[in-house]
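In what follows, a structure is listed as structure tokens, so that the remarks can point back to it.
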Amino acid sequence: MASLGRRRRPPATRAADALHLAAEAAAGNTETTTMPIEHHHARIDDVTLHYVTAGTGDPVVLPHGWPSTWYGWRHVIPALAARFRVIAPDLRGLGDSSRPLDGYDKRSIAADLWQLLAATLGLTRWHLVGHDWGGPVAFALAAAHPEATRTLTIVDVTVPGIGPDVSQGGKRWHHAFHMTPDLPEALVQGRERAYLSWFYESFSWRRGAFAPADIDEYLRTYAQPGALRAGFAYYRNIPRDSADNGALLASGLRLKMPVLAVGGGRAEARGRGREPEESLRLIADDVTGVVVDDCGHFIPEERPDELAALLLAHFGRAPAT
């Protein structure tokens, strides 16, 4: 269940309670039948993006993180696609998208998604849900185009440069390692299975969240030429991302759309707890924070049903158009 804390309940916490109750109701009405998934490719300036779609209705966009691809949303997509049009892209350099040499700061990756959604697909408004690095990408897109963002959800990540340190003061040791030029590629290439499997296991509280076939699917793309370099580039752009976001905060920008900040409750499995909420409250006016108990970092794969129910309830808070 989602933990809402035992402290005295301020208005924001009461809002989280209300969202949790709505999520429980949504969970009882969530359809999880098999939903056809369609694969597409789109050329966006210097990158070709692979993305999958399912369902019909108002669009929901699901940017993933590292070491994941669109496939990290596989358990969440059916419940959402029963009511919404789901669009799950492979971000620049990852999955079955192409791997340019640069452009891995989160504003540039958000610009890729803007081109995909607005120019290629002709969409005008959508719900945004980002996990891990997909969270800062979703934030950058919402900040650049608030008029197009019906709701924003950030899952188990903070916004670099705003609030709690995205690297947790070095506790996330791999951030510094991945930022080191060339060395991670030299040490990990040819050992991708051992290296990435450590993250899938150590960052999950629920054992068995990643079946061998799931790891095979991730390795199918992460072992391809250029994939390690592209993935590490997400970390090498942390200083630029922090500066970009710090400038937004200093400018007085405030996000007005409903924001849901979700954290994993098990710090032993690298769940961030209340940190996503603390980060988003510094720059958004309407933030609801939820901590998913007995869950680590990989919430979409450890607790997909609970996450889907929270999302469905949150989408219902979008202002009428």
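In the structure tokens, the first chain shown is A, the next is B, and so on; residue numbers restart at 1 for each chain, and ligands run from 1 in the order shown.
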
**Q.** Distance query Val157 (chain A) at most 10 Å, only C-alpha atoms, self and fewer than 3 positions along chain excluded, as a list in words
**A.**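 Contacts, in chain order: Gly65, Gly130, His131, Asp132, Trp133, Gly134, Gly135, Pro136, Ile154, Pro160, Pro164, Asp165, Val166, Ser167, Ala261, Val262, Gly263, Gly264, Gly271, Arg272, Gly273, Arg274, Glu275, Pro276, Glu277, Ser279 and His297 of chain A.
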
Q.
Show me, as a ChimeraX atom specification, the residues that have an atom within 8 Å of region 36-53 of chain A when counting only C-alpha atoms, minus same-chain residues fewer than 6 positions from it.
A. /A:70,85-92,95-100,112,115-116,120

Q.
I need the residues in region 77-219 of chain A that are strand (DSSP E) according to DSSP; give them as a list of chain:residue names.
A.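 Matching residues, listed in order: A:Arg85, A:Val86, A:Ile87, A:Ala88, A:Pro89, A:Trp126, A:His127, A:Leu128, A:Val129, A:Gly130, A:His131, A:Thr149, A:Arg150, A:Thr151, A:Leu152, A:Thr153, A:Ile154, A:Val155.
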
Q. Could you pull out the helix (DSSP H, G or I) residues of region 225-315 of chain A from DSSP and send them as a PyMOL selection string?
A. chain A and resi 227-236+238-250+267-269+275-281+299-302+304-315

May I have the residues from that selection written out with N, CA and C atoms, as a short mmCIF file (atom, residue, chain, number, x, y, z; two decimals), in the first residue's frame?
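Okay, result_28.cif is ready:
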data_model
loop_
_atom_site.label_atom_id
_atom_site.label_comp_id
_atom_site.auth_asym_id
_atom_site.auth_seq_id
_atom_site.Cartn_x
_atom_site.Cartn_y
_atom_site.Cartn_z
N ALA A 227 25.18 1.87 -27.24
CA ALA A 227 24.13 1.97 -26.23
C ALA A 227 24.68 2.33 -24.86
N LEU A 228 25.82 1.76 -24.48
CA LEU A 228 26.41 2.11 -23.18
C LEU A 228 26.79 3.58 -23.16
N ARG A 229 27.44 4.04 -24.21
CA ARG A 229 27.84 5.45 -24.28
C ARG A 229 26.64 6.37 -24.16
N ALA A 230 25.56 6.03 -24.88
CA ALA A 230 24.37 6.87 -24.83
C ALA A 230 23.77 6.88 -23.43
N GLY A 231 23.70 5.71 -22.80
CA GLY A 231 23.14 5.65 -21.45
C GLY A 231 23.96 6.45 -20.45
N PHE A 232 25.28 6.32 -20.54
CA PHE A 232 26.14 7.07 -19.61
C PHE A 232 26.06 8.57 -19.86
N ALA A 233 25.72 8.96 -21.09
CA ALA A 233 25.60 10.40 -21.41
C ALA A 233 24.47 11.05 -20.63
N TYR A 234 23.47 10.29 -20.23
CA TYR A 234 22.40 10.86 -19.40
C TYR A 234 22.99 11.37 -18.08
N TYR A 235 23.96 10.66 -17.55
CA TYR A 235 24.61 11.05 -16.29
C TYR A 235 25.64 12.15 -16.52
N ARG A 236 26.33 12.10 -17.63
CA ARG A 236 27.36 13.10 -17.91
C ARG A 236 26.77 14.49 -18.11
N ILE A 238 24.40 15.68 -16.04
CA ILE A 238 23.82 16.14 -14.78
C ILE A 238 24.22 17.59 -14.46
N PRO A 239 25.48 18.00 -14.62
CA PRO A 239 25.80 19.41 -14.34
C PRO A 239 25.00 20.39 -15.20
N ARG A 240 24.86 20.08 -16.48
CA ARG A 240 24.08 20.97 -17.35
C ARG A 240 22.61 20.96 -16.95
N ASP A 241 22.08 19.77 -16.67
CA ASP A 241 20.67 19.68 -16.25
C ASP A 241 20.44 20.48 -14.98
N SER A 242 21.35 20.36 -14.03
CA SER A 242 21.20 21.09 -12.76
C SER A 242 21.23 22.59 -12.99
N ALA A 243 22.12 23.05 -13.86
CA ALA A 243 22.18 24.48 -14.16
C ALA A 243 20.91 24.95 -14.85
N ASP A 244 20.42 24.16 -15.82
CA ASP A 244 19.19 24.53 -16.53
C ASP A 244 18.01 24.64 -15.56
N ASN A 245 17.88 23.63 -14.70
CA ASN A 245 16.74 23.63 -13.78
C ASN A 245 16.88 24.68 -12.68
N GLY A 246 18.12 24.90 -12.23
CA GLY A 246 18.34 25.95 -11.26
C GLY A 246 17.96 27.31 -11.82
N ALA A 247 18.24 27.53 -13.09
CA ALA A 247 17.86 28.80 -13.73
C ALA A 247 16.34 28.94 -13.80
N LEU A 248 15.64 27.83 -14.08
CA LEU A 248 14.17 27.88 -14.09
C LEU A 248 13.63 28.26 -12.71
N LEU A 249 14.19 27.64 -11.68
CA LEU A 249 13.75 27.94 -10.33
C LEU A 249 14.00 29.40 -9.98
N ALA A 250 15.19 29.88 -10.33
CA ALA A 250 15.55 31.26 -10.03
C ALA A 250 14.68 32.25 -10.80
N ALA A 267 14.39 2.30 1.19
CA ALA A 267 15.68 2.92 0.88
C ALA A 267 16.75 1.86 0.64
N GLU A 268 16.59 0.67 1.26
CA GLU A 268 17.56 -0.40 1.06
C GLU A 268 17.63 -0.82 -0.41
N ALA A 269 16.51 -0.63 -1.12
CA ALA A 269 16.46 -0.95 -2.55
C ALA A 269 16.42 0.33 -3.38
N GLU A 275 11.64 12.19 -1.29
CA GLU A 275 12.49 13.12 -2.03
C GLU A 275 11.83 13.67 -3.30
N PRO A 276 11.15 12.85 -4.12
CA PRO A 276 10.50 13.44 -5.30
C PRO A 276 9.51 14.54 -4.94
N GLU A 277 8.73 14.30 -3.89
CA GLU A 277 7.78 15.32 -3.45
C GLU A 277 8.49 16.58 -2.99
N GLU A 278 9.56 16.43 -2.21
CA GLU A 278 10.30 17.59 -1.73
C GLU A 278 10.86 18.40 -2.89
N SER A 279 11.34 17.72 -3.90
CA SER A 279 11.88 18.41 -5.08
C SER A 279 10.80 19.19 -5.81
N LEU A 280 9.68 18.54 -6.11
CA LEU A 280 8.64 19.17 -6.92
C LEU A 280 7.94 20.29 -6.18
N ARG A 281 7.83 20.22 -4.87
CA ARG A 281 7.15 21.29 -4.13
C ARG A 281 7.88 22.63 -4.26
N ILE A 299 9.47 1.05 -9.45
CA ILE A 299 8.05 0.98 -9.11
C ILE A 299 7.20 0.46 -10.28
N PRO A 300 7.43 0.87 -11.53
CA PRO A 300 6.58 0.35 -12.61
C PRO A 300 6.67 -1.16 -12.79
N GLU A 301 7.77 -1.76 -12.35
CA GLU A 301 7.92 -3.21 -12.50
C GLU A 301 7.72 -3.98 -11.20
N GLU A 302 7.87 -3.31 -10.06
CA GLU A 302 7.63 -3.96 -8.78
C GLU A 302 6.17 -3.87 -8.35
N PRO A 304 3.26 -2.48 -10.32
CA PRO A 304 2.58 -1.82 -11.46
C PRO A 304 1.10 -1.57 -11.24
N ASP A 305 0.41 -2.49 -10.58
CA ASP A 305 -1.02 -2.30 -10.38
C ASP A 305 -1.29 -1.10 -9.49
N GLU A 306 -0.51 -0.97 -8.41
CA GLU A 306 -0.70 0.17 -7.52
C GLU A 306 -0.35 1.48 -8.23
N LEU A 307 0.73 1.46 -9.00
CA LEU A 307 1.10 2.68 -9.73
C LEU A 307 0.02 3.04 -10.74
N ALA A 308 -0.49 2.06 -11.48
CA ALA A 308 -1.52 2.35 -12.48
C ALA A 308 -2.76 2.95 -11.81
N ALA A 309 -3.14 2.43 -10.66
CA ALA A 309 -4.31 2.97 -9.96
C ALA A 309 -4.06 4.40 -9.51
N LEU A 310 -2.87 4.69 -9.00
CA LEU A 310 -2.53 6.05 -8.61
C LEU A 310 -2.58 6.99 -9.81
N LEU A 311 -2.08 6.52 -10.95
CA LEU A 311 -2.08 7.36 -12.14
C LEU A 311 -3.50 7.64 -12.62
N LEU A 312 -4.34 6.62 -12.67
CA LEU A 312 -5.70 6.83 -13.12
C LEU A 312 -6.43 7.83 -12.25
N ALA A 313 -6.23 7.73 -10.94
CA ALA A 313 -6.85 8.69 -10.03
C ALA A 313 -6.29 10.10 -10.24
N HIS A 314 -4.98 10.18 -10.46
CA HIS A 314 -4.35 11.49 -10.68
C HIS A 314 -4.80 12.13 -11.96
N PHE A 315 -4.93 11.35 -13.03
CA PHE A 315 -5.40 11.91 -14.30
C PHE A 315 -6.78 12.55 -14.15
#

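Considering only C-alpha atoms, the residue among A:Ala209, A:Thr151, A:Gly93, A:Glu201 positioned nearest to Pro225 (chain A) is A:Gly93.
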
Q) Hey, can you check how far CA of Ser251 (chain A) sits from CA of Arg150 (chain A)? A)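 So the two atoms, CA of Ser251 (chain A) and CA of Arg150 (chain A), lie 22.4 Å apart.
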
(Q) Give me, as a VMD selection string, all polymer residues having an atom no more than 10 Å from Pro59 (chain A), counting only C-alpha atoms and skipping those fewer than 3 positions away in the same chain. (A) chain A and resid 53 to 56 62 80 to 81 83 to 87 117 123 to 128 150

Can I get the selected residues back with N, CA and C atoms, as a short mmCIF file (atom, residue, chain, number, x, y, z; two decimals), in the first residue's frame?
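Final output, part.cif:
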data_model
loop_
_atom_site.label_atom_id
_atom_site.label_comp_id
_atom_site.auth_asym_id
_atom_site.auth_seq_id
_atom_site.Cartn_x
_atom_site.Cartn_y
_atom_site.Cartn_z
N THR A 53 2.58 2.34 -29.06
CA THR A 53 1.29 2.92 -28.72
C THR A 53 0.30 1.81 -28.40
N ALA A 54 -0.69 2.17 -27.58
CA ALA A 54 -1.77 1.24 -27.25
C ALA A 54 -2.96 2.04 -26.77
N GLY A 55 -4.15 1.56 -27.07
CA GLY A 55 -5.36 2.18 -26.56
C GLY A 55 -5.79 3.41 -27.34
N THR A 56 -6.91 3.98 -26.90
CA THR A 56 -7.46 5.19 -27.49
C THR A 56 -7.92 6.12 -26.37
N LEU A 62 4.82 8.16 -21.59
CA LEU A 62 5.56 7.45 -20.55
C LEU A 62 7.06 7.40 -20.87
N LEU A 80 -3.63 1.40 -18.30
CA LEU A 80 -3.82 2.76 -18.80
C LEU A 80 -4.49 2.75 -20.17
N ALA A 81 -4.10 1.79 -21.02
CA ALA A 81 -4.61 1.77 -22.39
C ALA A 81 -6.07 1.38 -22.45
N ARG A 83 -8.26 2.97 -21.02
CA ARG A 83 -8.99 4.24 -20.96
C ARG A 83 -8.30 5.38 -21.70
N PHE A 84 -7.02 5.21 -22.03
CA PHE A 84 -6.23 6.30 -22.62
C PHE A 84 -5.44 5.80 -23.82
N ARG A 85 -4.94 6.74 -24.60
CA ARG A 85 -4.00 6.44 -25.68
C ARG A 85 -2.59 6.53 -25.10
N VAL A 86 -1.94 5.42 -24.96
CA VAL A 86 -0.62 5.38 -24.33
C VAL A 86 0.46 5.48 -25.41
N ILE A 87 1.45 6.33 -25.15
CA ILE A 87 2.61 6.51 -26.04
C ILE A 87 3.85 6.34 -25.18
N LEU A 117 5.40 14.39 -30.36
CA LEU A 117 4.00 14.50 -29.96
C LEU A 117 3.25 15.57 -30.75
N LEU A 123 -0.59 16.07 -31.70
CA LEU A 123 -1.29 16.17 -30.42
C LEU A 123 -1.12 17.56 -29.83
N THR A 124 -2.07 17.95 -28.99
CA THR A 124 -2.01 19.27 -28.38
C THR A 124 -1.89 19.22 -26.86
N ARG A 125 -2.41 18.16 -26.21
CA ARG A 125 -2.35 18.06 -24.76
C ARG A 125 -2.20 16.60 -24.38
N TRP A 126 -1.56 16.37 -23.22
CA TRP A 126 -1.31 15.00 -22.79
C TRP A 126 -0.98 14.97 -21.30
N HIS A 127 -1.06 13.77 -20.73
CA HIS A 127 -0.56 13.49 -19.39
C HIS A 127 0.88 12.98 -19.52
N LEU A 128 1.75 13.42 -18.62
CA LEU A 128 3.16 13.02 -18.64
C LEU A 128 3.48 12.22 -17.39
N ARG A 150 -1.42 18.21 -19.22
CA ARG A 150 -2.63 18.12 -18.40
C ARG A 150 -2.28 17.78 -16.96
#

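Using only C-alpha atoms, the contacts of Asp216 (chain A) at a cut-off of 12 Å, with sequence neighbours closer than 2 positions omitted, comprise Ser68, Tyr71, Glu192, Arg193, Ala194, Leu196, Ser197, Tyr200, Phe210, Ala211, Pro212, Ala213, Asp214, Tyr218, Leu219, Arg220, Thr221, Tyr222 and Ala223 of chain A.
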
Q. Suppose you want the space between CA of Pro258 (chain A) and CA of Arg317 (chain A); what is it in Å?
A. 6.8 Å

Q) Separation of CA of Asp102 (chain A) and CA of His178 (chain A), in Å? A)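 Atom-to-atom, CA of Asp102 (chain A) and CA of His178 (chain A) are spaced 15.4 Å apart.
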